[in-house]
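input02.cif (mmCIF, C-alpha atoms) appears below.
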```
data_model
#
loop_
_atom_site.label_atom_id
_atom_site.label_comp_id
_atom_site.auth_asym_id
_atom_site.auth_seq_id
_atom_site.Cartn_x
_atom_site.Cartn_y
_atom_site.Cartn_z
CA MET A 1186 -5.85 19.37 14.49
CA SER A 1187 -6.97 21.83 11.85
CA ASP A 1188 -7.34 20.88 8.20
CA ALA A 1189 -6.47 24.35 6.94
CA PRO A 1190 -3.31 24.43 4.82
CA ARG A 1191 -0.27 26.04 6.49
CA PRO A 1192 1.91 28.75 4.96
CA GLY A 1193 4.07 27.12 2.28
CA GLU A 1194 1.58 24.36 1.50
CA ALA A 1195 0.01 24.06 -1.94
CA ILE A 1196 -3.28 22.51 -2.99
CA ALA A 1197 -4.18 20.67 -6.19
CA GLU A 1198 -7.05 21.72 -8.37
CA THR A 1199 -9.72 19.15 -7.79
CA SER A 1200 -12.22 17.40 -7.96
CA LEU A 1201 -10.38 14.09 -7.97
CA ALA A 1202 -11.12 11.54 -10.66
CA GLU A 1203 -12.77 8.40 -9.33
CA ASP A 1204 -10.88 5.65 -11.08
CA ALA A 1205 -11.32 2.60 -8.84
CA ARG A 1206 -13.18 1.56 -5.74
CA LEU A 1207 -12.05 0.08 -2.47
CA THR A 1208 -13.81 -2.29 -0.15
CA PHE A 1209 -12.99 -2.19 3.56
CA ILE A 1210 -12.03 -5.68 4.80
CA GLY A 1211 -11.80 -4.93 8.52
CA ARG A 1212 -11.07 -2.36 11.17
CA LEU A 1213 -8.12 -1.46 13.41
CA SER A 1214 -8.31 -0.90 17.16
CA THR A 1215 -5.49 1.23 18.54
CA PRO A 1216 -4.86 3.26 21.72
CA TRP A 1217 -5.00 6.59 19.81
CA ARG A 1218 -8.35 8.37 19.75
CA GLU A 1219 -7.27 11.49 17.83
CA ARG A 1220 -4.89 12.05 14.94
CA GLY A 1221 -2.71 14.29 17.10
CA ASP A 1222 -2.12 11.41 19.54
CA CYS A 1223 -0.68 9.03 16.93
CA PRO A 1224 3.04 8.31 16.68
CA ARG A 1225 4.68 9.63 13.52
CA GLN A 1226 5.64 6.09 12.51
CA GLY A 1227 4.69 2.78 14.09
CA SER A 1228 7.26 0.56 15.78
CA VAL A 1229 7.17 -3.21 16.13
CA ASP A 1230 7.97 -2.54 19.78
CA GLY A 1231 4.88 -0.32 20.11
CA PRO A 1232 1.68 -1.20 21.98
CA GLU A 1233 -0.45 -4.20 21.07
CA CYS A 1234 -3.26 -3.36 18.68
CA ARG A 1235 -6.20 -5.40 17.42
CA VAL A 1236 -7.11 -6.10 13.81
CA GLU A 1237 -10.69 -7.20 13.16
CA VAL A 1238 -11.20 -8.89 9.78
CA PHE A 1239 -14.82 -8.86 8.67
CA PRO A 1240 -16.51 -12.30 8.62
CA ARG A 1241 -16.73 -12.67 4.82
CA TRP A 1242 -12.90 -12.58 4.57
CA GLN A 1243 -12.04 -14.92 7.45
CA ALA A 1244 -11.08 -17.83 5.16
CA ALA A 1245 -8.47 -15.59 3.51
CA LEU A 1246 -6.46 -15.67 6.78
CA ASP A 1247 -5.60 -19.35 6.31
CA GLY A 1248 -1.85 -19.85 6.69
CA LEU A 1249 -1.16 -16.33 7.97
CA GLU A 1250 0.12 -17.70 11.30
CA ARG A 1251 3.33 -18.83 9.62
CA PHE A 1252 4.48 -15.23 9.15
CA GLU A 1253 6.01 -13.14 11.87
CA GLU A 1254 6.03 -9.83 9.99
CA LEU A 1255 3.02 -8.58 8.05
CA GLU A 1256 2.33 -5.58 5.89
CA LEU A 1257 -1.00 -3.86 6.60
CA LEU A 1258 -2.64 -1.36 4.27
CA TYR A 1259 -5.28 0.95 5.71
CA TRP A 1260 -7.31 3.96 4.73
CA MET A 1261 -6.53 7.25 6.46
CA ASP A 1262 -10.11 8.40 6.16
CA GLN A 1263 -9.59 11.69 8.00
CA ALA A 1264 -6.80 12.96 5.74
CA ARG A 1265 -7.21 15.63 3.10
CA ARG A 1266 -6.35 14.51 -0.43
CA ASP A 1267 -5.46 17.69 -2.29
CA LEU A 1268 -2.14 18.79 -0.78
CA LEU A 1269 0.69 19.09 -3.32
CA THR A 1270 3.27 20.39 -0.85
CA GLN A 1271 3.23 20.14 2.91
CA PHE A 1272 5.09 21.79 5.76
CA PRO A 1273 5.30 19.31 8.65
CA ALA A 1274 6.46 20.73 11.97
CA HIS A 1275 9.66 18.63 11.97
CA LEU A 1276 10.94 20.12 8.68
CA SER A 1277 12.47 23.53 7.98
CA ALA A 1278 10.84 24.02 4.54
CA PRO A 1279 7.79 22.71 2.63
CA ARG A 1280 8.20 19.48 0.69
CA GLY A 1281 6.19 17.64 -1.96
CA THR A 1282 3.56 15.17 -0.75
CA PHE A 1283 5.28 12.23 -2.49
CA ALA A 1284 8.53 13.02 -0.62
CA LEU A 1285 6.67 12.58 2.70
CA ARG A 1286 4.90 9.68 4.39
CA SER A 1287 2.20 12.03 5.74
CA PRO A 1288 -1.37 10.64 5.74
CA ALA A 1289 -2.46 13.58 3.54
CA ARG A 1290 -2.02 12.38 -0.08
CA PRO A 1291 -4.21 11.85 -3.15
CA ASN A 1292 -4.90 8.25 -2.13
CA PRO A 1293 -4.51 8.22 1.67
CA ILE A 1294 -3.33 4.60 1.93
CA ALA A 1295 -0.90 3.87 4.75
CA THR A 1296 1.43 0.87 4.66
CA SER A 1297 2.90 -0.44 7.89
CA ARG A 1298 5.09 -3.36 8.77
CA VAL A 1299 3.72 -5.01 11.91
CA ARG A 1300 4.70 -7.95 14.09
CA LEU A 1301 2.03 -10.64 14.35
CA ILE A 1302 1.56 -11.53 18.01
CA GLY A 1303 -1.40 -13.88 17.64
CA ILE A 1304 -4.51 -14.89 15.72
CA SER A 1305 -7.83 -15.96 17.22
CA GLY A 1306 -10.51 -16.61 14.63
CA ARG A 1307 -10.76 -13.40 12.62
CA MET A 1308 -9.05 -11.22 15.26
CA LEU A 1309 -5.32 -10.52 15.02
CA THR A 1310 -3.07 -8.98 17.65
CA VAL A 1311 -0.16 -6.97 16.21
CA ARG A 1312 2.46 -4.39 17.17
CA GLY A 1313 3.60 -1.60 14.85
CA LEU A 1314 0.50 0.44 14.01
CA ASP A 1315 0.43 4.24 14.08
CA CYS A 1316 -3.18 5.15 13.24
CA VAL A 1317 -6.35 6.41 14.87
CA ASP A 1318 -8.64 3.91 16.55
CA GLY A 1319 -11.29 2.68 14.11
CA THR A 1320 -9.23 3.10 10.93
CA PRO A 1321 -10.58 0.98 8.03
CA LEU A 1322 -8.38 -1.94 6.88
CA LEU A 1323 -7.67 -2.50 3.18
CA ASP A 1324 -5.24 -5.41 3.00
CA ILE A 1325 -3.00 -7.85 4.88
CA LYS A 1326 0.08 -9.34 3.18
CA PRO A 1327 3.15 -11.20 4.36
CA ASP A 1328 5.87 -8.56 4.62
CA ARG A 1329 8.03 -8.60 1.50
CA CYS A 1330 11.08 -9.32 3.63
CA ALA A 1331 9.29 -11.92 5.78
CA PHE A 1332 11.14 -15.14 5.31
CA MET A 1333 11.01 -16.00 9.02
CA ARG A 1334 8.34 -18.50 9.92
CA ARG A 1335 6.56 -19.09 13.16
CA GLY A 1336 6.19 -22.49 14.80
CA MET B 88 -3.58 -16.66 -18.11
CA SER B 89 -7.09 -17.83 -17.21
CA ASP B 90 -9.15 -16.21 -14.50
CA ALA B 91 -11.02 -19.40 -13.63
CA PRO B 92 -10.39 -20.57 -10.06
CA ARG B 93 -8.18 -23.65 -9.70
CA PRO B 94 -9.03 -26.74 -7.65
CA GLY B 95 -8.56 -25.85 -3.98
CA GLU B 96 -9.34 -22.19 -4.46
CA ALA B 97 -12.35 -20.57 -2.77
CA ILE B 98 -14.36 -17.52 -3.73
CA ALA B 99 -16.07 -14.94 -1.54
CA GLU B 100 -19.72 -14.12 -1.87
CA THR B 101 -19.83 -10.75 -3.51
CA SER B 102 -20.70 -8.05 -4.64
CA LEU B 103 -18.05 -6.02 -2.88
CA ALA B 104 -19.01 -2.99 -0.85
CA GLU B 105 -17.77 0.28 -2.33
CA ASP B 106 -16.40 2.09 0.66
CA ALA B 107 -13.87 4.54 -0.77
CA ARG B 108 -12.61 5.76 -4.13
CA LEU B 109 -9.16 5.94 -5.63
CA THR B 110 -7.74 8.42 -8.08
CA PHE B 111 -4.96 7.29 -10.41
CA ILE B 112 -1.98 9.65 -10.14
CA GLY B 113 0.14 8.24 -12.96
CA ARG B 114 1.06 5.20 -14.98
CA LEU B 115 3.91 2.65 -15.01
CA SER B 116 5.86 1.61 -18.09
CA THR B 117 7.52 -1.80 -17.77
CA PRO B 118 8.97 -4.40 -20.17
CA TRP B 119 6.16 -6.90 -19.40
CA ARG B 120 3.18 -6.89 -21.75
CA GLU B 121 1.20 -9.76 -20.16
CA ARG B 122 0.64 -10.83 -16.58
CA GLY B 123 2.33 -14.15 -17.27
CA ASP B 124 5.56 -12.36 -18.26
CA CYS B 125 5.95 -10.52 -14.95
CA PRO B 126 8.47 -11.57 -12.31
CA ARG B 127 6.91 -12.92 -9.11
CA GLN B 128 8.52 -10.13 -7.11
CA GLY B 129 10.45 -7.09 -8.30
CA SER B 130 14.14 -6.63 -7.59
CA VAL B 131 16.06 -3.39 -7.25
CA ASP B 132 18.52 -5.00 -9.66
CA GLY B 133 15.74 -5.54 -12.23
CA PRO B 134 15.30 -3.61 -15.48
CA GLU B 135 14.79 0.14 -15.59
CA CYS B 136 11.12 1.14 -15.67
CA ARG B 137 9.44 4.49 -16.17
CA VAL B 138 6.94 6.17 -13.88
CA GLU B 139 4.79 8.88 -15.40
CA VAL B 140 3.15 11.19 -12.86
CA PHE B 141 0.14 13.03 -14.25
CA PRO B 142 0.65 16.81 -14.66
CA ARG B 143 -1.69 17.90 -11.85
CA TRP B 144 0.53 16.10 -9.29
CA GLN B 145 3.95 17.21 -10.53
CA ALA B 146 4.48 19.70 -7.68
CA ALA B 147 4.06 16.85 -5.20
CA LEU B 148 7.40 15.40 -6.42
CA ASP B 149 9.35 18.29 -4.87
CA GLY B 150 12.18 16.91 -2.74
CA LEU B 151 11.79 13.33 -3.90
CA GLU B 152 15.29 13.33 -5.40
CA ARG B 153 16.81 13.13 -1.92
CA PHE B 154 15.57 9.55 -1.48
CA GLU B 155 17.27 6.54 -2.98
CA GLU B 156 14.58 3.99 -2.13
CA LEU B 157 10.89 4.64 -2.73
CA GLU B 158 7.72 2.73 -2.06
CA LEU B 159 5.27 2.64 -4.97
CA LEU B 160 1.62 1.64 -4.65
CA TYR B 161 -0.20 0.60 -7.79
CA TRP B 162 -3.49 -0.90 -8.84
CA MET B 163 -3.46 -4.41 -10.27
CA ASP B 164 -6.42 -3.71 -12.47
CA GLN B 165 -6.47 -7.12 -14.14
CA ALA B 166 -6.71 -9.13 -10.90
CA ARG B 167 -9.86 -10.79 -9.62
CA ARG B 168 -10.99 -9.58 -6.19
CA ASP B 169 -13.06 -12.42 -4.78
CA LEU B 170 -10.53 -15.20 -4.06
CA LEU B 171 -10.48 -16.31 -0.40
CA THR B 172 -7.92 -19.07 -0.91
CA GLN B 173 -5.47 -19.51 -3.78
CA PHE B 174 -3.29 -22.32 -5.07
CA PRO B 175 -0.22 -20.78 -6.71
CA ALA B 176 1.93 -23.14 -8.77
CA HIS B 177 4.91 -22.79 -6.39
CA LEU B 178 2.98 -24.09 -3.34
CA SER B 179 1.93 -27.64 -2.45
CA ALA B 180 -1.46 -26.69 -0.95
CA PRO B 181 -3.94 -23.80 -1.15
CA ARG B 182 -3.42 -20.84 1.13
CA GLY B 183 -5.50 -17.85 2.23
CA THR B 184 -5.26 -14.71 0.11
CA PHE B 185 -3.89 -12.63 3.03
CA ALA B 186 -1.05 -15.17 3.47
CA LEU B 187 0.06 -14.51 -0.12
CA ARG B 188 1.34 -11.46 -2.01
CA SER B 189 -0.61 -12.49 -5.12
CA PRO B 190 -2.23 -9.64 -7.10
CA ALA B 191 -5.64 -11.29 -6.62
CA ARG B 192 -7.06 -9.81 -3.38
CA PRO B 193 -10.11 -7.79 -2.32
CA ASN B 194 -8.24 -4.53 -2.89
CA PRO B 195 -5.61 -5.34 -5.54
CA ILE B 196 -3.02 -2.80 -4.37
CA ALA B 197 0.61 -3.79 -4.87
CA THR B 198 3.40 -2.25 -2.80
CA SER B 199 6.96 -2.36 -4.13
CA ARG B 200 10.22 -0.98 -2.91
CA VAL B 201 12.07 0.53 -5.86
CA ARG B 202 15.40 2.26 -6.40
CA LEU B 203 15.15 5.77 -7.79
CA ILE B 204 17.54 6.13 -10.73
CA GLY B 205 16.52 9.59 -11.87
CA ILE B 206 13.84 12.25 -12.15
CA SER B 207 13.17 14.43 -15.17
CA GLY B 208 10.16 16.71 -14.77
CA ARG B 209 7.29 14.40 -13.95
CA MET B 210 8.98 11.24 -15.27
CA LEU B 211 10.86 8.94 -12.90
CA THR B 212 13.21 6.10 -13.77
CA VAL B 213 13.23 3.28 -11.23
CA ARG B 214 14.28 -0.34 -10.76
CA GLY B 215 12.27 -2.90 -8.79
CA LEU B 216 8.84 -3.09 -10.44
CA ASP B 217 7.08 -6.36 -11.22
CA CYS B 218 3.86 -5.35 -12.99
CA VAL B 219 2.29 -5.25 -16.43
CA ASP B 220 3.06 -2.31 -18.69
CA GLY B 221 0.43 0.41 -18.25
CA THR B 222 -0.44 -0.35 -14.61
CA PRO B 223 -2.12 2.64 -12.87
CA LEU B 224 -0.10 4.33 -10.13
CA LEU B 225 -1.69 5.17 -6.76
CA ASP B 226 1.08 6.59 -4.60
CA ILE B 227 4.78 7.34 -4.19
CA LYS B 228 6.35 7.51 -0.72
CA PRO B 229 9.89 7.50 0.64
CA ASP B 230 10.54 3.90 1.65
CA ARG B 231 9.97 3.48 5.37
CA CYS B 232 13.57 2.32 5.77
CA ALA B 233 14.97 5.04 3.48
CA PHE B 234 17.37 7.05 5.56
CA MET B 235 19.99 7.21 2.82
CA ARG B 236 20.03 10.47 0.92
CA ARG B 237 21.21 11.22 -2.55
CA GLY B 238 23.52 14.06 -3.50
#
```
If you took the structure in this file and wrote it as structure tokens, what would it be?
Amino acid sequence: MSDAPRPGEAIAETSLAEDARLTFIGRLSTPWRERGDCPRQGSVDGPECRVEVFPRWQAALDGLERFEELELLYWMDQARRDLLTQFPAHLSAPRGTFALRSPARPNPIATSRVRLIGISGRMLTVRGLDCVDGTPLLDIKPDRCAFMRRG
Amino acid sequence: MSDAPRPGEAIAETSLAEDARLTFIGRLSTPWRERGDCPRQGSVDGPECRVEVFPRWQAALDGLERFEELELLYWMDQARRDLLTQFPAHLSAPRGTFALRSPARPNPIATSRVRLIGISGRMLTVRGLDCVDGTPLLDIKPDRCAFMRRG
């Protein structure tokens, strides 16, 4: 997958301001080795994936097992950050970056709703991811619609 | 609102690694001047709020008007980042940070689903925010469930 802009795409004048800093809290293991292999959007019926939470954050998982649906935030570290408009293959005309859920955006943070299959220590099993194997994890939250409880 | 941890809350050993950098793309105007005034979760029936997108990103709004529901990501810049467990007033026992949607988390990124009321240039009017006036904006995406189109 080339990073060169396509006809109809526009690029912001950079460099980007550096206004805040992120810390990676874990890492995602998925079946997709390359960006081109990833589904366009995850499905809670998709394959099982693994979420490794780094040891220092393990205590922050306490009580997570009561939720069936989680929201994961992760960092699309291979995406370019300067595209203003994009021309995805499934559209007939270019569109603004904020009118797309493409990984390429000024802050390449993906949000996915996943189904929690199980927790063992600091390893979670989930369904619903759509990203490349090894993607850095930023956050885990109960899904905002998750009122169902497990067990 | 004090930042001191409450009984039952636990704190991570820091300092935090600095793994990636964010750029603020805009700013949110809301009716809430202090953290203690904010609703616990936004509602699409809540008050109208304004979203200012900084000039360099205006072209990235192209096509956004077709979506009725958006997902906004913003940076809770007043939140502490080292809490492993938290004891919110509405719970009867402490709970891990990742089992809560509290602003206090290693990467204090909020995600909210909002209703788009209107767009004028690089100013959006939305309903559904829950944050302090002046909160920095990180991203705008079509909501992942947003298949309804406007106009």
- Result set, the PyMOL selection byres ((chain A and resi 1274) around 12) on current file, as a VMD selection string: chain A and resid 1191 to 1193 1225 1271 to 1273 1275 to 1280 1287
Taking all atoms listed in the file into account, produce a table as JSON lines in which each residue of chain A with an atom at most 7 Å from an atom of chain B appears once, together with its shortest atom pair and the distance in Å to one decimal, ordered by chain and rising number.
```
{"residue": "A:Ala1197", "atom": "CA", "partner": "B:Arg143", "partner_atom": "CA", "distance": 6.8}
{"residue": "A:Leu1201", "atom": "CA", "partner": "B:Thr110", "partner_atom": "CA", "distance": 6.3}
{"residue": "A:Ala1202", "atom": "CA", "partner": "B:Thr110", "partner_atom": "CA", "distance": 5.3}
{"residue": "A:Glu1203", "atom": "CA", "partner": "B:Thr110", "partner_atom": "CA", "distance": 5.2}
{"residue": "A:Asp1204", "atom": "CA", "partner": "B:Thr110", "partner_atom": "CA", "distance": 5.2}
{"residue": "A:Ala1205", "atom": "CA", "partner": "B:Leu109", "partner_atom": "CA", "distance": 5.1}
{"residue": "A:Arg1206", "atom": "CA", "partner": "B:Arg108", "partner_atom": "CA", "distance": 4.5}
{"residue": "A:Leu1207", "atom": "CA", "partner": "B:Ala107", "partner_atom": "CA", "distance": 5.1}
{"residue": "A:Thr1208", "atom": "CA", "partner": "B:Asp106", "partner_atom": "CA", "distance": 5.2}
{"residue": "A:Phe1209", "atom": "CA", "partner": "B:Asp106", "partner_atom": "CA", "distance": 6.2}
{"residue": "A:Arg1241", "atom": "CA", "partner": "B:Ala99", "partner_atom": "CA", "distance": 6.8}
{"residue": "A:Trp1242", "atom": "CA", "partner": "B:Leu171", "partner_atom": "CA", "distance": 6.7}
{"residue": "A:Ala1244", "atom": "CA", "partner": "B:Leu171", "partner_atom": "CA", "distance": 5.8}
{"residue": "A:Ala1245", "atom": "CA", "partner": "B:Gly183", "partner_atom": "CA", "distance": 3.9}
{"residue": "A:Leu1246", "atom": "CA", "partner": "B:Gly183", "partner_atom": "CA", "distance": 5.1}
{"residue": "A:Asp1247", "atom": "CA", "partner": "B:Gly183", "partner_atom": "CA", "distance": 4.3}
{"residue": "A:Gly1248", "atom": "CA", "partner": "B:Ala186", "partner_atom": "CA", "distance": 5.7}
{"residue": "A:Leu1249", "atom": "CA", "partner": "B:Ala186", "partner_atom": "CA", "distance": 4.6}
{"residue": "A:Leu1269", "atom": "CA", "partner": "B:Ala147", "partner_atom": "CA", "distance": 4.5}
{"residue": "A:Thr1270", "atom": "CA", "partner": "B:Ala147", "partner_atom": "CA", "distance": 5.7}
{"residue": "A:Arg1280", "atom": "CA", "partner": "B:Asp149", "partner_atom": "CA", "distance": 5.8}
{"residue": "A:Gly1281", "atom": "CA", "partner": "B:Ala147", "partner_atom": "CA", "distance": 4.0}
{"residue": "A:Thr1282", "atom": "CA", "partner": "B:Ala147", "partner_atom": "CA", "distance": 4.8}
{"residue": "A:Phe1283", "atom": "CA", "partner": "B:Lys228", "partner_atom": "CA", "distance": 5.2}
{"residue": "A:Ala1284", "atom": "CA", "partner": "B:Leu151", "partner_atom": "CA", "distance": 4.6}
{"residue": "A:Leu1285", "atom": "CA", "partner": "B:Lys228", "partner_atom": "CA", "distance": 6.1}
{"residue": "A:Arg1286", "atom": "CA", "partner": "B:Lys228", "partner_atom": "CA", "distance": 5.7}
{"residue": "A:Pro1291", "atom": "CA", "partner": "B:Thr110", "partner_atom": "CA", "distance": 7.0}
{"residue": "A:Asn1292", "atom": "CA", "partner": "B:Leu109", "partner_atom": "CA", "distance": 6.0}
{"residue": "A:Leu1323", "atom": "CA", "partner": "B:Asn194", "partner_atom": "CA", "distance": 6.4}
{"residue": "A:Asp1324", "atom": "CA", "partner": "B:Asn194", "partner_atom": "CA", "distance": 6.7}
{"residue": "A:Ile1325", "atom": "CA", "partner": "B:Phe185", "partner_atom": "CA", "distance": 5.2}
{"residue": "A:Lys1326", "atom": "CA", "partner": "B:Phe185", "partner_atom": "CA", "distance": 5.2}
{"residue": "A:Pro1327", "atom": "CA", "partner": "B:Ala186", "partner_atom": "CA", "distance": 5.8}
```
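Applied to this file, the PyMOL selection byres ((chain B and resi 203) around 8) selects the residues B:Glu152, B:Phe154, B:Glu155, B:Glu156, B:Leu157, B:Val201, B:Arg202, B:Ile204, B:Gly205, B:Ile206, B:Leu211, B:Thr212, B:Val213, B:Arg214.
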- Message: From (7.6, 18.0, -15.2), in the file's coordinates, out to 8 Å: which residues are reached, counting only C-alpha atoms? Answer as a VMD selection string.
- Response: chain B and resid 142 145 207 to 210
- Residues matched by the PyMOL selection byres ((chain B and resi 113) around 6), written as a PyMOL selection string: chain B and resi 111-112+114+139-141+224
- Tell me which of A:Ser1200, A:Thr1320, A:Cys1330, A:Arg1220 sits closest to Arg1235 in chain A, counting only C-alpha atoms.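 Residue with the minimum atom-to-atom distance to Arg1235 in chain A: A:Thr1320.
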